[in-house]
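File shown: my_file03.csv (CSV, C-alpha atoms).
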```
chain,number,residue,atom,x,y,z
A,1,MET,CA,39.5,258.3,117.2
A,2,THR,CA,41.9,255.3,116.8
A,3,THR,CA,41.5,252.4,114.4
A,4,LEU,CA,42.1,248.9,115.6
A,5,PRO,CA,44.8,247.4,113.3
A,6,ILE,CA,43.2,244.0,113.5
A,7,GLY,CA,40.4,243.7,116.2
A,8,LEU,CA,38.8,241.1,118.3
A,9,ALA,CA,37.0,239.1,115.7
A,10,LYS,CA,40.0,238.7,113.4
A,11,LEU,CA,42.4,237.9,116.2
A,12,THR,CA,40.1,235.3,117.7
A,13,ARG,CA,39.6,233.7,114.3
A,14,LEU,CA,43.3,233.4,114.0
A,15,ALA,CA,43.7,231.9,117.5
A,16,PHE,CA,40.8,229.5,116.9
A,17,ALA,CA,42.5,228.3,113.7
A,18,GLY,CA,45.7,227.5,115.6
A,19,VAL,CA,47.7,230.4,114.2
A,20,ASP,CA,50.8,231.4,116.4
A,21,LEU,CA,50.0,234.9,117.4
A,22,SER,CA,53.5,235.7,118.5
A,23,ARG,CA,54.5,237.1,115.1
A,24,VAL,CA,51.4,239.2,115.0
A,25,ALA,CA,52.2,240.5,118.5
A,26,GLY,CA,55.7,241.3,117.3
A,27,ARG,CA,54.4,243.5,114.5
A,28,LEU,CA,52.0,245.3,116.9
A,29,ARG,CA,54.9,245.9,119.3
A,30,GLY,CA,56.8,247.4,116.4
A,31,MET,CA,53.9,249.8,115.8
A,32,CYS,CA,54.0,250.8,119.4
A,33,GLU,CA,57.8,251.4,119.3
A,34,ARG,CA,57.3,253.7,116.3
A,35,ASP,CA,54.4,255.4,117.9
A,36,PRO,CA,54.1,255.0,121.7
A,37,ASN,CA,50.7,256.6,121.6
A,38,HIS,CA,49.2,254.0,119.2
A,39,ALA,CA,46.3,253.0,121.4
A,40,GLY,CA,44.9,250.7,118.7
A,41,ALA,CA,48.0,248.5,118.6
A,42,LEU,CA,48.0,248.4,122.4
A,43,MET,CA,44.4,247.3,122.4
A,44,ASP,CA,45.1,244.5,119.9
A,45,LEU,CA,48.0,243.3,122.1
A,46,ALA,CA,45.7,243.3,125.1
A,47,ILE,CA,43.4,241.0,123.1
A,48,ILE,CA,46.2,238.7,122.2
A,49,ASP,CA,47.3,238.5,125.8
A,50,GLN,CA,43.8,237.3,126.8
A,51,LEU,CA,43.5,234.8,124.0
A,52,GLU,CA,46.8,233.3,125.2
A,53,GLY,CA,45.4,233.0,128.7
A,54,ASN,CA,47.2,236.1,130.2
A,55,LEU,CA,44.1,237.9,131.5
A,56,ALA,CA,45.9,240.1,134.1
A,57,THR,CA,48.5,241.2,131.6
A,58,GLY,CA,45.8,241.9,129.0
A,59,LEU,CA,43.7,244.0,131.3
A,60,LYS,CA,46.8,246.0,132.3
A,61,ARG,CA,47.6,246.6,128.6
A,62,GLN,CA,44.0,247.5,127.9
A,63,ALA,CA,44.2,250.1,130.7
A,64,MET,CA,47.3,251.6,129.1
A,65,ALA,CA,45.5,251.9,125.8
A,66,LEU,CA,42.5,253.5,127.4
A,67,SER,CA,44.7,256.1,129.1
A,68,LYS,CA,45.6,257.3,125.6
A,69,GLN,CA,42.3,256.8,123.7
A,70,ARG,CA,38.8,255.7,124.5
A,71,VAL,CA,37.2,255.6,121.1
A,72,PHE,CA,38.1,252.9,118.6
A,73,ARG,CA,36.9,252.1,115.1
A,74,SER,CA,36.7,248.5,114.1
A,75,THR,CA,38.0,247.3,110.8
A,76,CYS,CA,35.5,244.4,110.6
A,77,CYS,CA,32.9,246.2,108.4
A,78,GLY,CA,32.9,246.8,104.6
A,79,ALA,CA,34.7,249.6,102.9
A,80,ASN,CA,31.6,251.5,102.1
A,81,PRO,CA,29.3,251.3,105.1
A,82,ARG,CA,25.6,252.3,104.8
A,83,LEU,CA,25.0,252.5,108.6
A,84,ARG,CA,27.2,253.9,111.5
A,85,VAL,CA,26.8,252.3,114.9
A,86,LEU,CA,28.4,253.7,118.1
A,87,ALA,CA,28.7,251.0,120.8
A,88,PHE,CA,29.1,251.7,124.4
A,89,VAL,CA,31.5,249.1,125.9
A,90,ALA,CA,33.1,248.5,129.3
A,91,ALA,CA,36.8,248.0,130.1
A,92,ALA,CA,36.8,244.3,130.9
A,93,ASP,CA,37.9,240.9,129.5
A,94,ILE,CA,37.2,240.1,125.9
A,95,GLY,CA,33.9,238.2,126.6
A,96,ALA,CA,32.3,240.9,128.8
A,97,ASN,CA,30.6,243.0,126.1
A,98,THR,CA,28.2,242.1,123.3
A,99,PRO,CA,30.3,240.4,120.5
A,100,LEU,CA,29.5,243.1,117.9
A,101,GLU,CA,32.6,242.5,115.9
A,102,PHE,CA,31.6,238.9,115.3
A,103,LEU,CA,28.0,239.9,114.5
A,104,LEU,CA,29.0,242.6,112.1
A,105,GLU,CA,32.1,241.2,110.5
A,106,GLY,CA,32.0,241.8,106.7
A,107,SER,CA,28.7,243.7,106.9
A,108,ASP,CA,27.9,247.1,105.5
A,109,ILE,CA,27.8,248.6,109.0
A,110,ALA,CA,30.6,250.7,110.5
A,111,LEU,CA,31.3,250.0,114.1
A,112,THR,CA,32.9,252.4,116.5
A,113,MET,CA,33.3,251.5,120.2
A,114,VAL,CA,33.5,254.1,123.0
A,115,TYR,CA,34.8,252.8,126.4
A,116,VAL,CA,32.7,254.0,129.4
A,117,LEU,CA,34.9,254.3,132.5
A,118,PRO,CA,33.7,254.6,136.2
A,119,GLY,CA,33.5,258.1,137.4
A,120,ARG,CA,34.6,259.5,134.0
A,121,GLU,CA,32.5,261.6,131.6
A,122,LEU,CA,32.2,260.4,128.0
A,123,PRO,CA,34.8,261.7,125.6
A,124,THR,CA,33.8,265.2,124.4
A,125,GLU,CA,34.1,264.3,120.7
A,126,LEU,CA,32.2,261.3,119.6
A,127,PRO,CA,31.9,260.3,115.9
A,128,ASP,CA,28.8,260.9,113.9
A,129,HIS,CA,26.5,257.8,114.0
A,130,ASP,CA,23.1,256.7,113.1
A,131,LEU,CA,22.5,254.3,116.0
A,132,ALA,CA,23.8,253.7,119.5
A,133,PHE,CA,24.1,250.2,121.0
A,134,VAL,CA,24.7,249.5,124.7
A,135,ALA,CA,27.0,246.4,124.8
A,136,ILE,CA,28.0,246.5,128.5
A,137,ALA,CA,27.3,243.3,130.6
A,138,ALA,CA,25.1,243.4,133.6
A,139,THR,CA,27.8,242.6,136.1
A,140,SER,CA,27.8,244.1,139.6
A,141,SER,CA,30.9,246.1,138.8
A,142,ASN,CA,29.1,247.6,135.7
A,143,HIS,CA,26.0,248.7,137.5
A,144,PRO,CA,27.2,252.2,138.1
A,145,LEU,CA,28.2,252.5,134.5
A,146,LEU,CA,24.8,251.4,133.3
A,147,ALA,CA,23.0,253.7,135.7
A,148,GLU,CA,25.0,256.7,134.5
A,149,LEU,CA,24.4,255.7,130.9
A,150,GLU,CA,20.6,255.4,131.5
A,151,GLU,CA,20.5,259.0,132.4
A,152,LEU,CA,22.8,260.1,129.6
A,153,LEU,CA,21.0,258.2,126.9
A,154,THR,CA,17.5,259.4,127.8
A,155,TYR,CA,17.7,262.2,125.2
A,156,TRP,CA,20.4,260.8,122.9
A,157,PRO,CA,20.1,262.2,119.4
A,158,THR,CA,19.9,258.7,117.7
A,159,PRO,CA,18.0,255.5,118.5
A,160,VAL,CA,19.5,253.4,121.3
A,161,VAL,CA,19.4,249.6,121.1
A,162,ASN,CA,19.4,247.8,124.5
A,163,LEU,CA,18.7,250.5,127.0
A,164,PRO,CA,20.8,250.3,130.1
A,165,GLY,CA,17.8,250.1,132.5
A,166,ARG,CA,16.7,246.9,130.8
A,167,ILE,CA,20.2,245.5,130.8
A,168,LEU,CA,20.4,246.1,134.6
A,169,MET,CA,17.4,243.7,134.9
A,170,LEU,CA,19.6,240.9,133.7
A,171,GLU,CA,21.2,240.7,137.1
A,172,PRO,CA,20.9,237.0,137.9
A,173,ILE,CA,18.7,237.0,141.0
A,174,GLU,CA,16.3,239.7,139.7
A,175,LEU,CA,16.2,238.0,136.3
A,176,ALA,CA,15.3,234.6,137.8
A,177,ALA,CA,12.5,236.2,139.8
A,178,ASN,CA,11.1,238.1,136.8
A,179,LEU,CA,11.2,235.0,134.6
A,180,ALA,CA,9.4,232.9,137.2
A,181,GLU,CA,6.8,235.6,137.7
A,182,ALA,CA,6.2,235.6,133.9
A,183,GLY,CA,5.5,231.8,134.2
A,184,LEU,CA,8.8,230.7,132.7
A,185,ARG,CA,10.7,227.7,134.1
A,186,THR,CA,14.0,228.7,135.4
A,187,PRO,CA,16.0,227.6,138.5
A,188,ALA,CA,15.3,229.8,141.5
A,189,LEU,CA,18.5,231.6,142.3
A,190,ARG,CA,19.5,233.1,145.6
A,191,ARG,CA,22.6,234.6,147.2
A,192,VAL,CA,23.7,232.6,150.2
A,193,LEU,CA,26.4,233.5,152.8
A,194,ARG,CA,29.1,231.0,153.7
A,195,ASP,CA,27.8,230.5,157.3
A,196,GLU,CA,24.4,229.3,156.0
A,197,LEU,CA,26.1,226.9,153.6
A,198,ARG,CA,28.3,225.6,156.4
A,199,ALA,CA,25.1,224.8,158.4
A,200,ALA,CA,23.6,223.0,155.4
A,201,ALA,CA,26.8,221.0,155.0
A,202,ALA,CA,26.6,220.0,158.7
A,203,SER,CA,22.9,219.0,158.1
A,204,GLU,CA,21.8,221.7,160.5
A,205,ALA,CA,19.6,223.4,158.0
A,206,PRO,CA,16.6,221.0,157.5
A,207,ASN,CA,15.0,223.1,154.7
A,208,TRP,CA,17.9,222.4,152.3
A,209,ARG,CA,17.2,220.0,149.4
A,210,PHE,CA,19.9,218.5,147.2
A,211,PRO,CA,21.2,218.3,144.5
A,212,ILE,CA,22.1,222.0,144.1
A,213,VAL,CA,24.2,224.0,141.7
A,214,ILE,CA,26.6,226.5,143.3
A,215,ARG,CA,29.2,229.1,142.3
A,216,SER,CA,30.9,232.0,143.8
A,217,THR,CA,29.3,235.4,143.2
A,218,ALA,CA,32.7,236.8,142.1
A,219,PRO,CA,32.4,237.7,138.3
A,220,HIS,CA,35.6,235.7,137.3
A,221,ASN,CA,34.0,232.5,138.7
A,222,ALA,CA,30.7,232.8,136.7
A,223,ARG,CA,31.5,229.8,134.6
A,224,ASN,CA,32.7,227.6,137.4
A,225,ALA,CA,29.4,226.3,138.7
A,226,GLU,CA,29.4,222.8,140.4
A,227,LYS,CA,26.7,220.3,141.1
A,228,ILE,CA,26.6,219.2,144.8
A,229,ASP,CA,24.6,216.1,145.6
A,230,THR,CA,24.9,215.8,149.4
A,231,PRO,CA,25.6,217.8,152.5
A,232,ALA,CA,29.0,216.1,152.7
A,233,GLY,CA,29.7,217.1,149.2
A,234,LEU,CA,28.9,220.7,150.1
A,235,GLY,CA,31.3,220.5,153.0
A,236,LEU,CA,34.1,219.3,150.7
A,237,TYR,CA,33.3,222.2,148.2
A,238,LEU,CA,33.5,224.8,151.0
A,239,GLY,CA,36.7,223.3,152.3
A,240,LYS,CA,38.4,224.2,149.0
A,241,ARG,CA,37.1,227.8,148.8
A,242,SER,CA,37.2,230.9,150.9
A,243,ASP,CA,34.5,233.1,149.2
A,244,ARG,CA,32.1,234.8,151.6
A,245,CYS,CA,29.0,234.6,149.3
A,246,TYR,CA,27.7,232.2,146.7
A,247,PHE,CA,24.9,231.8,144.1
A,248,VAL,CA,22.8,228.7,144.8
A,249,ALA,CA,20.0,227.2,142.7
A,250,PRO,CA,18.3,223.8,142.6
A,251,PHE,CA,19.7,221.4,140.0
A,252,VAL,CA,17.2,220.8,137.2
A,253,ASP,CA,17.7,217.5,135.4
A,254,CYS,CA,17.5,218.1,131.6
A,255,ARG,CA,18.8,214.7,130.5
A,256,GLY,CA,17.1,213.2,127.5
A,257,GLN,CA,15.7,209.7,127.2
A,258,ASP,CA,19.2,208.6,126.1
A,259,GLY,CA,20.8,210.0,129.2
A,260,LEU,CA,22.6,212.8,127.3
A,261,TYR,CA,22.4,216.5,128.1
A,262,ARG,CA,21.4,219.0,125.3
A,263,LYS,CA,22.3,222.7,125.9
A,264,ILE,CA,20.7,225.0,123.3
A,265,ARG,CA,21.9,228.6,122.7
A,266,LEU,CA,19.4,230.9,121.1
A,267,LEU,CA,19.6,234.5,120.0
A,268,PHE,CA,16.6,236.8,120.1
A,269,ILE,CA,16.7,239.6,117.5
A,270,ASP,CA,13.8,242.0,117.5
A,271,GLY,CA,11.6,239.4,119.3
A,272,ARG,CA,12.4,236.5,116.9
A,273,PRO,CA,14.4,233.5,118.1
A,274,TYR,CA,17.3,232.1,116.1
A,275,ALA,CA,19.2,228.8,116.8
A,276,CYS,CA,22.9,229.4,117.5
A,277,HIS,CA,24.0,225.9,118.6
A,278,LEU,CA,22.9,222.6,120.1
A,279,ALA,CA,25.6,221.0,122.3
A,280,VAL,CA,25.0,217.3,123.0
A,281,SER,CA,27.2,216.0,125.8
A,282,ASP,CA,27.5,213.6,128.7
A,283,GLY,CA,28.1,216.4,131.3
A,284,TRP,CA,25.3,218.5,132.8
A,285,ASN,CA,27.4,221.7,132.5
A,286,SER,CA,29.4,221.3,129.3
A,287,SER,CA,30.0,224.2,127.0
A,288,TYR,CA,29.9,223.8,123.3
A,289,VAL,CA,33.6,223.5,123.2
A,290,GLY,CA,33.6,221.0,126.1
A,291,ALA,CA,30.9,218.9,124.4
A,292,ARG,CA,33.5,218.1,121.7
A,293,MET,CA,30.9,218.0,118.9
A,294,GLU,CA,33.7,217.7,116.4
A,295,ALA,CA,34.5,214.2,117.7
A,296,ASP,CA,31.0,212.7,117.2
A,297,THR,CA,29.3,212.4,113.8
A,298,MET,CA,25.9,211.5,115.3
A,299,ARG,CA,25.8,214.5,117.6
A,300,ARG,CA,26.7,216.8,114.7
A,301,SER,CA,24.0,215.3,112.6
A,302,GLU,CA,21.5,216.0,115.4
A,303,GLU,CA,22.6,219.6,115.5
A,304,GLU,CA,22.2,219.9,111.8
A,305,ARG,CA,18.6,218.4,112.0
A,306,PHE,CA,17.9,220.9,114.9
A,307,PHE,CA,18.8,223.8,112.6
A,308,ALA,CA,16.8,222.4,109.7
A,309,THR,CA,13.6,221.9,111.7
A,310,PHE,CA,14.0,224.8,114.2
A,311,GLU,CA,11.1,226.9,113.0
A,312,THR,CA,8.6,224.1,112.3
A,313,GLU,CA,9.4,222.0,115.5
A,314,PHE,CA,11.3,223.8,118.3
A,315,VAL,CA,9.8,227.3,117.8
A,316,ALA,CA,6.4,226.0,117.1
A,317,ARG,CA,6.6,223.9,120.3
A,318,HIS,CA,7.7,226.8,122.5
A,319,ALA,CA,6.1,229.8,120.7
A,320,ASP,CA,4.2,231.0,123.8
A,321,THR,CA,7.2,230.6,126.0
A,322,PHE,CA,9.4,232.6,123.6
A,323,ALA,CA,6.8,235.4,123.3
A,324,ALA,CA,6.7,235.6,127.1
A,325,LEU,CA,10.5,235.5,127.4
A,326,ALA,CA,11.0,238.4,124.8
A,327,GLU,CA,8.5,240.5,126.6
A,328,CYS,CA,9.9,239.8,130.1
A,329,VAL,CA,13.5,240.6,129.1
A,330,GLY,CA,12.6,243.7,127.1
A,331,LEU,CA,15.8,243.8,125.0
A,332,THR,CA,15.8,243.7,121.2
A,333,TYR,CA,19.0,241.7,121.2
A,334,PHE,CA,19.9,239.0,123.7
A,335,GLY,CA,21.0,235.4,124.0
A,336,VAL,CA,19.6,232.5,125.9
A,337,ASP,CA,21.0,229.2,127.1
A,338,CYS,CA,18.3,226.7,127.7
A,339,ALA,CA,17.3,223.0,127.6
A,340,GLU,CA,14.3,220.8,127.5
A,341,THR,CA,13.2,218.3,130.2
A,342,LYS,CA,12.2,214.8,129.3
A,343,SER,CA,8.6,216.0,129.4
A,344,GLY,CA,9.4,218.7,126.8
A,345,GLU,CA,9.3,221.7,129.1
A,346,LEU,CA,11.7,224.5,128.3
A,347,VAL,CA,14.1,225.5,131.1
A,348,VAL,CA,15.9,228.8,130.8
A,349,PHE,CA,19.3,228.8,132.5
A,350,LYS,CA,20.9,232.0,131.3
A,351,VAL,CA,19.8,235.2,129.6
A,352,ASP,CA,22.6,237.6,128.5
A,353,HIS,CA,23.2,240.0,125.7
A,354,THR,CA,27.0,239.2,125.7
A,355,LEU,CA,26.8,235.5,124.9
A,356,LEU,CA,29.4,234.5,122.2
A,357,VAL,CA,28.2,233.9,118.7
A,358,HIS,CA,30.6,233.1,115.9
A,359,ASP,CA,31.2,231.2,112.7
A,360,MET,CA,34.7,229.9,113.4
A,361,ASP,CA,33.9,226.1,113.5
A,362,PRO,CA,35.8,224.2,110.8
A,363,VAL,CA,33.6,224.0,107.7
A,364,ASP,CA,34.7,220.5,106.8
A,365,LEU,CA,33.2,219.1,110.0
A,366,PHE,CA,30.4,221.6,110.4
A,367,PRO,CA,29.2,222.4,106.8
A,368,TYR,CA,25.7,223.2,108.1
A,369,LYS,CA,27.0,226.0,110.4
A,370,PRO,CA,27.9,228.8,108.0
A,371,PRO,CA,24.4,229.2,106.5
A,372,GLN,CA,22.9,229.2,110.0
A,373,MET,CA,25.3,231.8,111.3
A,374,ARG,CA,24.9,233.9,108.1
A,375,LYS,CA,21.1,233.9,108.8
A,376,ILE,CA,21.8,235.3,112.3
A,377,PHE,CA,24.3,237.9,111.1
A,378,ASP,CA,22.0,239.1,108.3
A,379,ALA,CA,19.0,239.3,110.7
A,380,PHE,CA,21.0,241.3,113.1
A,381,ALA,CA,22.3,243.7,110.5
A,382,SER,CA,18.8,244.1,109.0
A,383,TYR,CA,17.4,244.9,112.4
A,384,LEU,CA,20.0,247.6,113.0
A,385,HIS,CA,19.1,249.2,109.7
A,386,ARG,CA,15.4,249.1,110.6
A,387,ALA,CA,16.0,250.5,114.0
A,388,ALA,CA,17.9,253.5,112.5
A,389,SER,CA,15.4,254.0,109.7
A,390,VAL,CA,12.4,254.3,112.1
A,391,ALA,CA,14.0,257.4,113.6
A,392,GLU,CA,14.6,258.8,110.1
A,393,ARG,CA,10.9,258.5,109.2
A,394,ARG,CA,9.7,260.4,112.3
```
Please, can you express the file's structure as structure tokens?
Amino acid sequence: MTTLPIGLAKLTRLAFAGVDLSRVAGRLRGMCERDPNHAGALMDLAIIDQLEGNLATGLKRQAMALSKQRVFRSTCCGANPRLRVLAFVAAADIGANTPLEFLLEGSDIALTMVYVLPGRELPTELPDHDLAFVAIAATSSNHPLLAELEELLTYWPTPVVNLPGRILMLEPIELAANLAEAGLRTPALRRVLRDELRAAAASEAPNWRFPIVIRSTAPHNARNAEKIDTPAGLGLYLGKRSDRCYFVAPFVDCRGQDGLYRKIRLLFIDGRPYACHLAVSDGWNSSYVGARMEADTMRRSEEERFFATFETEFVARHADTFAALAECVGLTYFGVDCAETKSGELVVFKVDHTLLVHDMDPVDLFPYKPPQMRKIFDAFASYLHRAASVAERR
């Protein structure tokens, strides 16, 4: 087992703070020169590559690290851990697994990650642990990994959080259908071939209704959804792309009375919702970073009020919806991106157990954020302790 010299959470925190990572990378390269088999240093270098926008280079370096070692111990936890967690992760970009290092940083929980590779058995020697956690995203490329893990973990000697079979149900089309069947409002998603889209763009498909939201089914394009208002706009969109297949959903207008969009990220931990952020923006698809909350005092004040009244107002308003959502998803840890319509109906746009959660926003601008994130981190750690202790009492 190899120890990561720094790890994802610490490196991301440095990058988020504007630190030049070139000197850090230089020290890591020095470690590799002294010990060419130092897989931990290679893995940290792979993270730096990706943080600097060099995804292809980062993935190549990650593959080099995994050719030497597949089990890595994180340095994010405390010196005297009271719980040992073994996480199953996939070889992928830095946002493609549950962000456990961010969730457990500074906790009393030791985190070890084992990389599951296609067609390869698990390493023969895995460290002792009290709890296993499946952190692998439900992408099409990961389906074989999750299917293999489902069989392997059936008789695992410790409790397992987020069983692979339930994660597989987060596949976008199946998930949308399941949520709708459970009575939850979510855009109906379908996979559409290019030829059908070309017919719709030429107004030769009368059943099409606009506006729509469209994106390629390719995993690397998951965040590049676009809103198309007319058949002509669809034609222009297709003219700039060559993908054979796309995800298409009707556009759901979630603007407030003031014309602004509000995207809400929630985390569900053991069935209970927690507020992660409220992004107020002019754009229908802005991320929290894209909303530029740091530039608007009024929007930050609104987010602070949202946190302060979350239990008494937002949760109380949607309690039945949240209960149905937790039951439908069936995972004890997952995240949700959602919004409210003008009439107050909750619309679920995304459910994923790999959504980013962190406490890296500058405290001088977001003084209300650290207590809220601490609440989430403590709830997550407490849940893991409970999950492990249930097995001990049996």
What lies within 9 Å of region 144-148 of chain A using all atoms listed in the file, ignoring chain neighbours under 6 positions off, as a PDB file with C-alpha atoms, in the coordinates of the input?
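The new file selection.pdb reads:
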```pdb
ATOM      1  CA  ALA A  90      33.100 248.500 129.300  1.00  0.00           C
ATOM      2  CA  VAL A 116      32.700 254.000 129.400  1.00  0.00           C
ATOM      3  CA  LEU A 117      34.900 254.300 132.500  1.00  0.00           C
ATOM      4  CA  PRO A 118      33.700 254.600 136.200  1.00  0.00           C
ATOM      5  CA  GLY A 119      33.500 258.100 137.400  1.00  0.00           C
ATOM      6  CA  VAL A 134      24.700 249.500 124.700  1.00  0.00           C
ATOM      7  CA  ILE A 136      28.000 246.500 128.500  1.00  0.00           C
ATOM      8  CA  ALA A 137      27.300 243.300 130.600  1.00  0.00           C
ATOM      9  CA  ALA A 138      25.100 243.400 133.600  1.00  0.00           C
ATOM     10  CA  LEU A 163      18.700 250.500 127.000  1.00  0.00           C
ATOM     11  CA  PRO A 164      20.800 250.300 130.100  1.00  0.00           C
ATOM     12  CA  GLY A 165      17.800 250.100 132.500  1.00  0.00           C
ATOM     13  CA  ILE A 167      20.200 245.500 130.800  1.00  0.00           C
ATOM     14  CA  LEU A 168      20.400 246.100 134.600  1.00  0.00           C
TER      15      LEU A 168
END
```
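Neighbouring residues of Leu131 (chain A) at 7 Å or closer, counting all atoms listed in the file and skipping chain neighbours under 2 positions away, are Arg84, Val85, Leu86, His129, Phe133, Thr158, Pro159, Val160 and Ala388 of chain A.
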**Request:** Take the point (31.5, 215.0, 132.9) in the file's coordinates, draw a sphere of radius 12 Å around it, and report as an MDAnalysis selection string every protein, DNA or RNA residue with an atom inside or on it, counting all atoms listed in the file.
**Result:** chainID A and resid 226:227 260:261 281:287 290:292
**Request:** Just the residues within 10 Å of Arg317 (chain A), please, counting only C-alpha atoms, with nothing from its chain fewer than 6 positions along; format it as a VMD selection string.
**Result:** chain A and resid 310 to 311 344 to 346
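Here the question is which of A:Leu14, A:Leu267, A:Ala41, A:Ala326 gets nearest to Phe377 (chain A) using only C-alpha atoms, and that residue is A:Leu267.
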Between region 226-283 of chain A and region 189-198 of chain A, at 8 Å or less, what are the per-residue closest atom pairs and their distances in Å? Count only C-alpha atoms, order by chain and rising residue number, and return it as a tab-separated table.
```
residue	atom	partner	partner_atom	distance
A:Leu234	CA	A:Leu197	CA	7.7
A:Gly235	CA	A:Arg198	CA	6.8
A:Leu238	CA	A:Arg198	CA	7.5
A:Asp243	CA	A:Arg194	CA	7.3
A:Arg244	CA	A:Arg194	CA	5.3
A:Cys245	CA	A:Leu193	CA	4.5
A:Tyr246	CA	A:Val192	CA	5.3
A:Phe247	CA	A:Arg191	CA	4.8
A:Val248	CA	A:Arg190	CA	5.6
A:Ala249	CA	A:Leu189	CA	4.7
A:Pro250	CA	A:Leu189	CA	7.8
```
Would you save the residues from that selection as a short mmCIF file (atom, residue, chain, number, x, y, z; two decimals), keeping the file's coordinate frame, using C-alpha atoms?
```
data_model
loop_
_atom_site.label_atom_id
_atom_site.label_comp_id
_atom_site.auth_asym_id
_atom_site.auth_seq_id
_atom_site.Cartn_x
_atom_site.Cartn_y
_atom_site.Cartn_z
CA LEU A 234 28.90 220.70 150.10
CA GLY A 235 31.30 220.50 153.00
CA LEU A 238 33.50 224.80 151.00
CA ASP A 243 34.50 233.10 149.20
CA ARG A 244 32.10 234.80 151.60
CA CYS A 245 29.00 234.60 149.30
CA TYR A 246 27.70 232.20 146.70
CA PHE A 247 24.90 231.80 144.10
CA VAL A 248 22.80 228.70 144.80
CA ALA A 249 20.00 227.20 142.70
CA PRO A 250 18.30 223.80 142.60
#
```
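Of note, CA of Leu184 (chain A) and CA of Arg272 (chain A) are spaced 17.2 Å apart.
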**Asked** Phe366 (chain A): which residues within 10 Å, counting all atoms listed in the file, same-chain residues fewer than 2 positions away excluded, as number ranges by chain?
**Response** A: 293-294, 297, 300-301, 303-304, 359-364, 368-370
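Note that CA of Tyr274 (chain A) and CA of Ser74 (chain A) are 25.5 Å apart.
You can rank A:Val89, A:Ala110, A:Leu278, A:Val357 by their closest distance to Glu340 (chain A) using all atoms listed in the file, and at the top of that list sits A:Leu278.
Among A:Val280, A:Ala200, A:Leu266, A:Ala15, the residue with the shortest atom-to-atom distance to Asp49 (chain A), counting only C-alpha atoms, is A:Ala15.
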**Complete:** The distance between CA of Leu325 (chain A) and CA of Val289 (chain A) is 26.4 Å
**Request:** Taking the point (21.9, 225.8, 109.6) as given in the file, collect each protein or nucleic acid residue that comes within 9 Å of it, counting all atoms listed in the file, and present the set as number ranges by chain.
**Result:** A: 275-276, 303-308, 367-375
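Distances from A:Lys350, A:Arg23, A:His358, A:Lys263 to Leu104 (chain A) were compared using only C-alpha atoms, and the smallest one belongs to A:His358.
Taking all atoms listed in the file, the non-local environment of Ala225 (chain A) within 9 Å (same-chain residues fewer than 4 positions away omitted) comprises Val213, Ile214, Arg215, Ser216, Asn221, Phe247 and Asn285 of chain A.
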Restricted to N, CA and C atoms, what does region 42-53 of chain A look like when written out as a short mmCIF file (atom, residue, chain, number, x, y, z; two decimals), in the first residue's frame?
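For reference, selection24.cif as written:
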```cif
data_model
loop_
_atom_site.label_atom_id
_atom_site.label_comp_id
_atom_site.auth_asym_id
_atom_site.auth_seq_id
_atom_site.Cartn_x
_atom_site.Cartn_y
_atom_site.Cartn_z
N LEU A 42 3.51 9.85 -8.26
CA LEU A 42 2.96 9.87 -9.62
C LEU A 42 1.48 10.22 -9.60
N MET A 43 0.75 9.66 -8.65
CA MET A 43 -0.68 9.94 -8.57
C MET A 43 -0.93 11.41 -8.24
N ASP A 44 -0.14 11.98 -7.33
CA ASP A 44 -0.27 13.41 -7.03
C ASP A 44 0.06 14.26 -8.24
N LEU A 45 1.08 13.87 -9.00
CA LEU A 45 1.40 14.60 -10.23
C LEU A 45 0.26 14.52 -11.23
N ALA A 46 -0.41 13.37 -11.28
CA ALA A 46 -1.56 13.23 -12.17
C ALA A 46 -2.68 14.17 -11.78
N ILE A 47 -2.86 14.37 -10.48
CA ILE A 47 -3.87 15.32 -9.99
C ILE A 47 -3.50 16.74 -10.39
N ILE A 48 -2.24 17.10 -10.23
CA ILE A 48 -1.79 18.45 -10.59
C ILE A 48 -2.00 18.68 -12.09
N ASP A 49 -1.66 17.70 -12.90
CA ASP A 49 -1.89 17.83 -14.35
C ASP A 49 -3.34 18.20 -14.63
N GLN A 50 -4.26 17.52 -13.98
CA GLN A 50 -5.68 17.76 -14.25
C GLN A 50 -6.14 19.10 -13.70
N LEU A 51 -5.64 19.48 -12.53
CA LEU A 51 -5.99 20.78 -11.97
C LEU A 51 -5.51 21.92 -12.87
N GLU A 52 -4.44 21.67 -13.61
CA GLU A 52 -3.90 22.68 -14.53
C GLU A 52 -4.49 22.57 -15.93
N GLY A 53 -5.49 21.69 -16.09
CA GLY A 53 -6.19 21.59 -17.36
C GLY A 53 -5.61 20.59 -18.33
#
```
